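A.B. asks: For reference, this is input_32.txt, and it has compact mmCIF, N, CA and C atoms.
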```txt
# COMPACT_ATOMS: atom_id res chain seq x y z
N MET Q 1 0.85 -1.18 0.00
CA MET Q 1 0.00 0.00 0.00
C MET Q 1 0.89 1.23 0.00
N ASN Q 2 0.52 2.21 -0.79
CA ASN Q 2 1.35 3.41 -0.87
C ASN Q 2 1.14 4.32 0.35
N ASP Q 3 2.04 5.28 0.49
CA ASP Q 3 2.01 6.17 1.65
C ASP Q 3 0.73 7.01 1.72
N ARG Q 4 0.22 7.41 0.56
CA ARG Q 4 -1.01 8.21 0.53
C ARG Q 4 -2.18 7.42 1.12
N LEU Q 5 -2.31 6.16 0.72
CA LEU Q 5 -3.41 5.34 1.24
C LEU Q 5 -3.24 5.06 2.73
N LYS Q 6 -2.00 4.89 3.16
CA LYS Q 6 -1.74 4.70 4.60
C LYS Q 6 -2.18 5.93 5.39
N ALA Q 7 -1.86 7.09 4.87
CA ALA Q 7 -2.23 8.34 5.55
C ALA Q 7 -3.75 8.51 5.58
N LEU Q 8 -4.41 8.19 4.47
CA LEU Q 8 -5.87 8.27 4.43
C LEU Q 8 -6.49 7.32 5.44
N TYR Q 9 -5.94 6.14 5.52
CA TYR Q 9 -6.43 5.14 6.47
C TYR Q 9 -6.39 5.71 7.89
N LYS Q 10 -5.27 6.27 8.24
CA LYS Q 10 -5.10 6.80 9.59
C LYS Q 10 -6.03 7.99 9.86
N THR Q 11 -6.09 8.92 8.91
CA THR Q 11 -6.88 10.13 9.18
C THR Q 11 -8.38 9.90 9.03
N GLN Q 12 -8.81 9.36 7.91
CA GLN Q 12 -10.25 9.21 7.65
C GLN Q 12 -10.92 8.28 8.65
N ILE Q 13 -10.29 7.16 8.92
CA ILE Q 13 -10.91 6.19 9.84
C ILE Q 13 -10.97 6.76 11.25
N LEU Q 14 -9.93 7.41 11.67
CA LEU Q 14 -9.95 8.01 13.00
C LEU Q 14 -11.00 9.11 13.11
N VAL Q 15 -11.11 9.95 12.09
CA VAL Q 15 -12.09 11.03 12.10
C VAL Q 15 -13.50 10.46 12.19
N HIS Q 16 -13.81 9.50 11.34
CA HIS Q 16 -15.17 8.93 11.33
C HIS Q 16 -15.46 8.08 12.57
N ALA Q 17 -14.45 7.45 13.12
CA ALA Q 17 -14.68 6.63 14.32
C ALA Q 17 -14.93 7.52 15.55
N LYS Q 18 -14.21 8.64 15.64
CA LYS Q 18 -14.36 9.53 16.79
C LYS Q 18 -15.58 10.44 16.68
N SER Q 19 -15.85 10.91 15.48
CA SER Q 19 -16.97 11.83 15.25
C SER Q 19 -17.77 11.37 14.04
N PRO Q 20 -18.51 10.30 14.18
CA PRO Q 20 -19.21 9.75 13.02
C PRO Q 20 -20.35 10.65 12.53
N PHE Q 21 -20.58 10.58 11.24
CA PHE Q 21 -21.71 11.28 10.63
C PHE Q 21 -22.96 10.46 10.87
N ASN Q 22 -24.06 11.11 11.07
CA ASN Q 22 -25.37 10.47 11.10
C ASN Q 22 -25.52 9.41 12.19
N GLU Q 23 -24.84 9.59 13.31
CA GLU Q 23 -24.99 8.61 14.39
C GLU Q 23 -26.23 8.95 15.21
N GLY Q 24 -27.00 7.94 15.49
CA GLY Q 24 -28.20 8.10 16.28
C GLY Q 24 -29.37 7.41 15.60
N VAL Q 25 -30.50 7.44 16.26
CA VAL Q 25 -31.70 6.80 15.73
C VAL Q 25 -32.47 7.82 14.91
N LEU Q 26 -32.78 7.47 13.68
CA LEU Q 26 -33.58 8.31 12.81
C LEU Q 26 -35.05 8.02 13.12
N GLU Q 27 -35.76 9.01 13.60
CA GLU Q 27 -37.13 8.81 14.08
C GLU Q 27 -38.13 8.48 12.98
N ASP Q 28 -37.99 9.11 11.82
CA ASP Q 28 -38.99 8.92 10.77
C ASP Q 28 -38.49 8.01 9.64
N PHE Q 29 -37.77 6.95 10.00
CA PHE Q 29 -37.22 6.04 9.00
C PHE Q 29 -38.31 5.23 8.31
N THR Q 30 -38.01 4.81 7.10
CA THR Q 30 -38.92 3.91 6.37
C THR Q 30 -38.35 2.49 6.32
N HIS Q 31 -37.03 2.37 6.54
CA HIS Q 31 -36.38 1.05 6.52
C HIS Q 31 -35.35 0.99 7.66
N LYS Q 32 -35.32 -0.15 8.32
CA LYS Q 32 -34.33 -0.38 9.38
C LYS Q 32 -33.67 -1.73 9.09
N LEU Q 33 -32.33 -1.74 9.13
CA LEU Q 33 -31.56 -2.94 8.88
C LEU Q 33 -30.61 -3.17 10.04
N GLN Q 34 -30.30 -4.43 10.28
CA GLN Q 34 -29.33 -4.72 11.33
C GLN Q 34 -28.14 -5.44 10.72
N ALA Q 35 -26.97 -4.82 10.85
CA ALA Q 35 -25.72 -5.41 10.40
C ALA Q 35 -25.02 -5.97 11.64
N TYR Q 36 -24.72 -7.26 11.61
CA TYR Q 36 -24.16 -7.91 12.79
C TYR Q 36 -23.09 -8.89 12.38
N ASN Q 37 -21.96 -8.84 13.07
CA ASN Q 37 -20.88 -9.80 12.86
C ASN Q 37 -20.76 -10.63 14.13
N PRO Q 38 -21.23 -11.88 14.11
CA PRO Q 38 -21.19 -12.71 15.32
C PRO Q 38 -19.77 -13.08 15.75
N VAL Q 39 -18.82 -13.00 14.84
CA VAL Q 39 -17.44 -13.36 15.18
C VAL Q 39 -16.82 -12.36 16.16
N CYS Q 40 -17.03 -11.06 15.90
CA CYS Q 40 -16.41 -10.04 16.76
C CYS Q 40 -17.41 -9.24 17.59
N GLY Q 41 -18.68 -9.36 17.25
CA GLY Q 41 -19.71 -8.66 18.02
C GLY Q 41 -20.09 -7.29 17.50
N ASP Q 42 -19.46 -6.83 16.41
CA ASP Q 42 -19.85 -5.53 15.84
C ASP Q 42 -21.32 -5.59 15.44
N GLN Q 43 -22.06 -4.55 15.78
CA GLN Q 43 -23.49 -4.52 15.48
C GLN Q 43 -23.96 -3.09 15.28
N PHE Q 44 -24.61 -2.87 14.14
CA PHE Q 44 -25.15 -1.55 13.84
C PHE Q 44 -26.55 -1.67 13.27
N ASP Q 45 -27.44 -0.81 13.74
CA ASP Q 45 -28.75 -0.66 13.13
C ASP Q 45 -28.64 0.50 12.15
N LEU Q 46 -29.05 0.27 10.92
CA LEU Q 46 -29.05 1.31 9.89
C LEU Q 46 -30.48 1.78 9.68
N TYR Q 47 -30.66 3.07 9.64
CA TYR Q 47 -31.98 3.66 9.43
C TYR Q 47 -31.95 4.45 8.13
N LEU Q 48 -32.94 4.21 7.28
CA LEU Q 48 -33.02 4.90 6.00
C LEU Q 48 -34.41 5.48 5.84
N LYS Q 49 -34.46 6.66 5.28
CA LYS Q 49 -35.75 7.26 4.95
C LYS Q 49 -35.79 7.47 3.43
N PHE Q 50 -36.65 6.69 2.79
CA PHE Q 50 -36.85 6.80 1.34
C PHE Q 50 -38.08 7.64 1.06
N GLU Q 51 -37.98 8.49 0.04
CA GLU Q 51 -39.13 9.20 -0.51
C GLU Q 51 -38.97 9.15 -2.02
N ASP Q 52 -39.94 8.56 -2.68
CA ASP Q 52 -39.91 8.45 -4.14
C ASP Q 52 -38.59 7.84 -4.64
N ASP Q 53 -38.18 6.74 -4.03
CA ASP Q 53 -36.98 6.00 -4.43
C ASP Q 53 -35.67 6.74 -4.15
N ILE Q 54 -35.73 7.84 -3.42
CA ILE Q 54 -34.52 8.59 -3.09
C ILE Q 54 -34.29 8.53 -1.58
N ILE Q 55 -33.04 8.30 -1.20
CA ILE Q 55 -32.69 8.25 0.22
C ILE Q 55 -32.59 9.69 0.72
N GLN Q 56 -33.57 10.09 1.49
CA GLN Q 56 -33.65 11.45 2.00
C GLN Q 56 -32.84 11.65 3.28
N ASN Q 57 -32.72 10.57 4.06
CA ASN Q 57 -32.01 10.68 5.32
C ASN Q 57 -31.50 9.30 5.73
N THR Q 58 -30.42 9.29 6.50
CA THR Q 58 -29.83 8.05 6.99
C THR Q 58 -29.26 8.28 8.38
N SER Q 59 -29.15 7.20 9.12
CA SER Q 59 -28.43 7.25 10.39
C SER Q 59 -28.08 5.84 10.79
N PHE Q 60 -27.30 5.73 11.84
CA PHE Q 60 -26.96 4.42 12.38
C PHE Q 60 -26.75 4.52 13.87
N LYS Q 61 -26.93 3.40 14.53
CA LYS Q 61 -26.73 3.31 15.98
C LYS Q 61 -26.14 1.95 16.25
N GLY Q 62 -25.17 1.89 17.12
CA GLY Q 62 -24.59 0.59 17.47
C GLY Q 62 -23.18 0.73 17.98
N TYR Q 63 -22.46 -0.36 17.87
CA TYR Q 63 -21.10 -0.39 18.39
C TYR Q 63 -20.25 -1.36 17.58
N GLY Q 64 -18.96 -1.10 17.62
CA GLY Q 64 -18.01 -1.94 16.92
C GLY Q 64 -16.64 -1.31 16.95
N CYS Q 65 -15.72 -1.93 16.26
CA CYS Q 65 -14.36 -1.42 16.21
C CYS Q 65 -14.32 -0.12 15.40
N ALA Q 66 -13.19 0.55 15.44
CA ALA Q 66 -13.05 1.84 14.74
C ALA Q 66 -13.31 1.68 13.25
N ILE Q 67 -12.86 0.59 12.65
CA ILE Q 67 -13.03 0.41 11.21
C ILE Q 67 -14.50 0.22 10.86
N SER Q 68 -15.20 -0.63 11.58
CA SER Q 68 -16.61 -0.85 11.24
C SER Q 68 -17.46 0.39 11.51
N LYS Q 69 -17.15 1.10 12.57
CA LYS Q 69 -17.90 2.32 12.87
C LYS Q 69 -17.63 3.40 11.82
N ALA Q 70 -16.37 3.58 11.47
CA ALA Q 70 -16.01 4.58 10.46
C ALA Q 70 -16.61 4.22 9.10
N SER Q 71 -16.58 2.96 8.76
CA SER Q 71 -17.13 2.51 7.49
C SER Q 71 -18.64 2.74 7.42
N THR Q 72 -19.33 2.47 8.51
CA THR Q 72 -20.78 2.70 8.56
C THR Q 72 -21.08 4.19 8.47
N SER Q 73 -20.27 5.01 9.10
CA SER Q 73 -20.41 6.47 9.02
C SER Q 73 -20.26 6.95 7.58
N VAL Q 74 -19.23 6.46 6.90
CA VAL Q 74 -18.99 6.83 5.50
C VAL Q 74 -20.17 6.38 4.63
N LEU Q 75 -20.65 5.18 4.87
CA LEU Q 75 -21.79 4.68 4.10
C LEU Q 75 -23.00 5.60 4.24
N THR Q 76 -23.37 5.91 5.47
CA THR Q 76 -24.56 6.74 5.67
C THR Q 76 -24.37 8.13 5.06
N LYS Q 77 -23.18 8.67 5.15
CA LYS Q 77 -22.90 9.98 4.57
C LYS Q 77 -23.05 9.96 3.06
N HIS Q 78 -22.53 8.92 2.42
CA HIS Q 78 -22.54 8.84 0.96
C HIS Q 78 -23.90 8.45 0.37
N LEU Q 79 -24.79 7.92 1.19
CA LEU Q 79 -26.10 7.50 0.68
C LEU Q 79 -27.08 8.65 0.48
N LEU Q 80 -26.88 9.74 1.19
CA LEU Q 80 -27.83 10.85 1.13
C LEU Q 80 -28.06 11.34 -0.30
N GLY Q 81 -29.34 11.39 -0.67
CA GLY Q 81 -29.71 11.89 -1.98
C GLY Q 81 -29.63 10.88 -3.11
N LYS Q 82 -29.22 9.66 -2.80
CA LYS Q 82 -29.06 8.63 -3.83
C LYS Q 82 -30.37 7.86 -4.04
N THR Q 83 -30.56 7.41 -5.27
CA THR Q 83 -31.65 6.48 -5.57
C THR Q 83 -31.18 5.08 -5.18
N LYS Q 84 -32.07 4.12 -5.18
CA LYS Q 84 -31.68 2.74 -4.88
C LYS Q 84 -30.63 2.26 -5.88
N SER Q 85 -30.80 2.61 -7.12
CA SER Q 85 -29.86 2.21 -8.16
C SER Q 85 -28.48 2.83 -7.91
N GLU Q 86 -28.46 4.10 -7.55
CA GLU Q 86 -27.19 4.77 -7.26
C GLU Q 86 -26.54 4.20 -6.00
N ALA Q 87 -27.36 3.83 -5.02
CA ALA Q 87 -26.84 3.23 -3.79
C ALA Q 87 -26.19 1.88 -4.10
N LYS Q 88 -26.82 1.09 -4.95
CA LYS Q 88 -26.24 -0.20 -5.35
C LYS Q 88 -24.89 0.01 -6.04
N ALA Q 89 -24.81 0.99 -6.92
CA ALA Q 89 -23.56 1.28 -7.62
C ALA Q 89 -22.48 1.73 -6.64
N LEU Q 90 -22.85 2.55 -5.67
CA LEU Q 90 -21.91 3.00 -4.65
C LEU Q 90 -21.37 1.81 -3.85
N ILE Q 91 -22.24 0.91 -3.46
CA ILE Q 91 -21.83 -0.27 -2.71
C ILE Q 91 -20.85 -1.11 -3.53
N GLU Q 92 -21.19 -1.34 -4.79
CA GLU Q 92 -20.30 -2.14 -5.66
C GLU Q 92 -18.94 -1.47 -5.80
N LEU Q 93 -18.94 -0.15 -5.92
CA LEU Q 93 -17.68 0.59 -6.03
C LEU Q 93 -16.84 0.39 -4.77
N PHE Q 94 -17.45 0.56 -3.61
CA PHE Q 94 -16.73 0.40 -2.35
C PHE Q 94 -16.18 -1.02 -2.21
N LEU Q 95 -17.00 -2.00 -2.51
CA LEU Q 95 -16.57 -3.40 -2.37
C LEU Q 95 -15.42 -3.71 -3.33
N LYS Q 96 -15.41 -3.06 -4.47
CA LYS Q 96 -14.32 -3.22 -5.43
C LYS Q 96 -13.02 -2.60 -4.88
N VAL Q 97 -13.15 -1.46 -4.21
CA VAL Q 97 -11.99 -0.79 -3.63
C VAL Q 97 -11.32 -1.66 -2.57
N ILE Q 98 -12.11 -2.37 -1.78
CA ILE Q 98 -11.54 -3.15 -0.68
C ILE Q 98 -11.29 -4.63 -1.02
N ASP Q 99 -11.66 -5.06 -2.20
CA ASP Q 99 -11.53 -6.46 -2.61
C ASP Q 99 -10.07 -6.87 -2.78
N PRO Q 100 -9.58 -7.81 -1.95
CA PRO Q 100 -8.18 -8.22 -2.04
C PRO Q 100 -7.86 -8.97 -3.34
N GLU Q 101 -8.86 -9.46 -4.03
CA GLU Q 101 -8.64 -10.19 -5.28
C GLU Q 101 -8.71 -9.28 -6.50
N ASN Q 102 -9.03 -8.03 -6.28
CA ASN Q 102 -9.09 -7.06 -7.38
C ASN Q 102 -7.68 -6.55 -7.65
N ASN Q 103 -7.23 -6.69 -8.89
CA ASN Q 103 -5.87 -6.27 -9.26
C ASN Q 103 -5.77 -4.80 -9.62
N GLU Q 104 -6.91 -4.12 -9.76
CA GLU Q 104 -6.88 -2.69 -10.06
C GLU Q 104 -6.40 -1.91 -8.84
N SER Q 105 -5.67 -0.85 -9.07
CA SER Q 105 -5.28 -0.02 -7.94
C SER Q 105 -6.51 0.72 -7.43
N PRO Q 106 -6.62 0.89 -6.12
CA PRO Q 106 -7.78 1.60 -5.58
C PRO Q 106 -7.96 2.99 -6.19
N GLU Q 107 -6.85 3.69 -6.43
CA GLU Q 107 -6.93 5.04 -7.00
C GLU Q 107 -7.45 5.05 -8.43
N SER Q 108 -7.37 3.92 -9.12
CA SER Q 108 -7.92 3.85 -10.48
C SER Q 108 -9.43 3.59 -10.44
N ILE Q 109 -9.94 3.20 -9.28
CA ILE Q 109 -11.36 2.89 -9.12
C ILE Q 109 -12.13 4.14 -8.71
N THR Q 110 -11.56 4.92 -7.80
CA THR Q 110 -12.22 6.13 -7.29
C THR Q 110 -11.18 7.13 -6.81
N SER Q 111 -11.59 8.38 -6.76
CA SER Q 111 -10.73 9.42 -6.17
C SER Q 111 -11.28 9.85 -4.81
N ASP Q 112 -12.38 9.27 -4.39
CA ASP Q 112 -13.01 9.62 -3.13
C ASP Q 112 -12.14 9.16 -1.96
N GLU Q 113 -11.59 10.11 -1.22
CA GLU Q 113 -10.65 9.79 -0.15
C GLU Q 113 -11.29 9.00 0.99
N GLU Q 114 -12.56 9.25 1.25
CA GLU Q 114 -13.22 8.51 2.32
C GLU Q 114 -13.35 7.03 1.95
N LEU Q 115 -13.61 6.75 0.71
CA LEU Q 115 -13.68 5.35 0.27
C LEU Q 115 -12.29 4.73 0.19
N LEU Q 116 -11.34 5.48 -0.33
CA LEU Q 116 -9.97 4.98 -0.47
C LEU Q 116 -9.33 4.64 0.87
N ALA Q 117 -9.76 5.29 1.92
CA ALA Q 117 -9.18 5.03 3.25
C ALA Q 117 -9.32 3.57 3.65
N PHE Q 118 -10.31 2.87 3.09
CA PHE Q 118 -10.55 1.48 3.47
C PHE Q 118 -9.85 0.48 2.55
N ALA Q 119 -9.10 0.96 1.58
CA ALA Q 119 -8.38 0.09 0.66
C ALA Q 119 -7.37 -0.80 1.40
N SER Q 120 -6.95 -0.38 2.55
CA SER Q 120 -5.99 -1.17 3.34
C SER Q 120 -6.57 -2.52 3.75
N ALA Q 121 -7.89 -2.65 3.71
CA ALA Q 121 -8.51 -3.94 4.04
C ALA Q 121 -8.04 -5.02 3.08
N ARG Q 122 -7.56 -4.63 1.92
CA ARG Q 122 -7.01 -5.60 0.98
C ARG Q 122 -5.82 -6.34 1.58
N GLU Q 123 -5.04 -5.63 2.36
CA GLU Q 123 -3.83 -6.22 2.94
C GLU Q 123 -4.07 -6.87 4.29
N PHE Q 124 -5.23 -6.63 4.87
CA PHE Q 124 -5.54 -7.20 6.18
C PHE Q 124 -6.90 -7.91 6.09
N PRO Q 125 -6.91 -9.12 5.56
CA PRO Q 125 -8.18 -9.83 5.34
C PRO Q 125 -9.03 -9.96 6.61
N GLU Q 126 -8.39 -10.00 7.75
CA GLU Q 126 -9.16 -10.11 9.00
C GLU Q 126 -9.96 -8.85 9.29
N ARG Q 127 -9.65 -7.76 8.64
CA ARG Q 127 -10.37 -6.49 8.82
C ARG Q 127 -11.40 -6.24 7.71
N LEU Q 128 -11.41 -7.11 6.72
CA LEU Q 128 -12.33 -6.95 5.59
C LEU Q 128 -13.79 -6.93 6.05
N THR Q 129 -14.14 -7.84 6.94
CA THR Q 129 -15.52 -7.89 7.43
C THR Q 129 -15.86 -6.63 8.22
N CYS Q 130 -14.90 -6.07 8.90
CA CYS Q 130 -15.14 -4.81 9.63
C CYS Q 130 -15.49 -3.70 8.65
N ALA Q 131 -14.75 -3.64 7.55
CA ALA Q 131 -14.94 -2.58 6.57
C ALA Q 131 -16.24 -2.74 5.78
N ASN Q 132 -16.63 -3.98 5.49
CA ASN Q 132 -17.78 -4.15 4.60
C ASN Q 132 -19.08 -4.55 5.31
N LEU Q 133 -19.09 -4.63 6.62
CA LEU Q 133 -20.25 -5.12 7.37
C LEU Q 133 -21.55 -4.43 6.99
N ALA Q 134 -21.64 -3.14 7.15
CA ALA Q 134 -22.88 -2.41 6.86
C ALA Q 134 -23.16 -2.37 5.35
N TRP Q 135 -22.11 -2.28 4.55
CA TRP Q 135 -22.25 -2.22 3.09
C TRP Q 135 -22.87 -3.51 2.56
N GLU Q 136 -22.37 -4.64 3.05
CA GLU Q 136 -22.90 -5.94 2.59
C GLU Q 136 -24.36 -6.11 3.01
N LYS Q 137 -24.70 -5.67 4.21
CA LYS Q 137 -26.07 -5.81 4.69
C LYS Q 137 -27.01 -4.97 3.82
N LEU Q 138 -26.62 -3.76 3.51
CA LEU Q 138 -27.45 -2.92 2.66
C LEU Q 138 -27.57 -3.52 1.26
N LYS Q 139 -26.48 -4.07 0.75
CA LYS Q 139 -26.50 -4.72 -0.57
C LYS Q 139 -27.54 -5.85 -0.60
N GLU Q 140 -27.61 -6.62 0.49
CA GLU Q 140 -28.58 -7.72 0.57
C GLU Q 140 -30.02 -7.25 0.40
N VAL Q 141 -30.34 -6.13 0.98
CA VAL Q 141 -31.75 -5.69 0.99
C VAL Q 141 -32.10 -4.80 -0.21
N LEU Q 142 -31.10 -4.22 -0.86
CA LEU Q 142 -31.41 -3.40 -2.03
C LEU Q 142 -31.66 -4.29 -3.23
```
Using the file provided, produce a representation of the structure as structure tokens.

C.D. replies:
Amino acid sequence: MNDRLKALYKTQILVHAKSPFNEGVLEDFTHKLQAYNPVCGDQFDLYLKFEDDIIQNTSFKGYGCAISKASTSVLTKHLLGKTKSEAKALIELFLKVIDPENNESPESITSDEELLAFASAREFPERLTCANLAWEKLKEVL
């Protein structure tokens, strides 16, 4: 992993883990999902508010390691204003960035620094589930 990605990993993950976006229970949600990893105990409830196929609001509540919490924060932040189709494309993009079997460089996939911060999961397979926990759960229901 190059130095730029290492720096993004340290800064972005720490920022989102300490001060996550959209943390809390969304009162007027239309969809609620539970992302749970029984191996480590990470667990997040995702709240989504759809209006006319567009995600108007998102939030999450739960607990987990810094990587899973930061990743869930990034997910909820990036979903705002997206249609279901756009959300699916975003999820596929993120999963491609962190896929250890993908030979493309992460920077050739996206320039989004918040997404690139998780590219290090390629080198640490034990952290892959932490990074993709909420993303995979949302992918299942979309």

A.B. asks: Using only N, CA and C atoms, which of Q:Arg127, Q:Glu27, Q:Leu14, Q:Leu133 sits nearest Phe44 of chain Q?

C.D. replies: Q:Leu133

A.B. asks: Which residues are near His16 of chain Q? Cut-off 7 Å, only N, CA and C atoms, ignore same chain within fewer than 2 positions. Put them as a ChimeraX atom specification.

C.D. replies: /Q:11-14,18-21,66,69-71,73-74

A.B. asks: Nearest residue to Ala35 of chain Q out of Q:Leu95, Q:Ala134, Q:Ile109, Q:Leu142, using all atoms listed in the file?

C.D. replies: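 Of all the options, Q:Ala134 lies closest to Ala35 of chain Q.
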
A.B. asks: Quick one, how far is atom CA of Phe50 of chain Q from atom N of Leu116 of chain Q?

C.D. replies: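 That distance, rounded to one decimal, is 25.6 Å.
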
A.B. asks: What is the atom CA of Arg4 of chain Q to atom CA of Asp42 of chain Q distance in Å?

C.D. replies: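 These atoms are spaced 27.9 Å apart.
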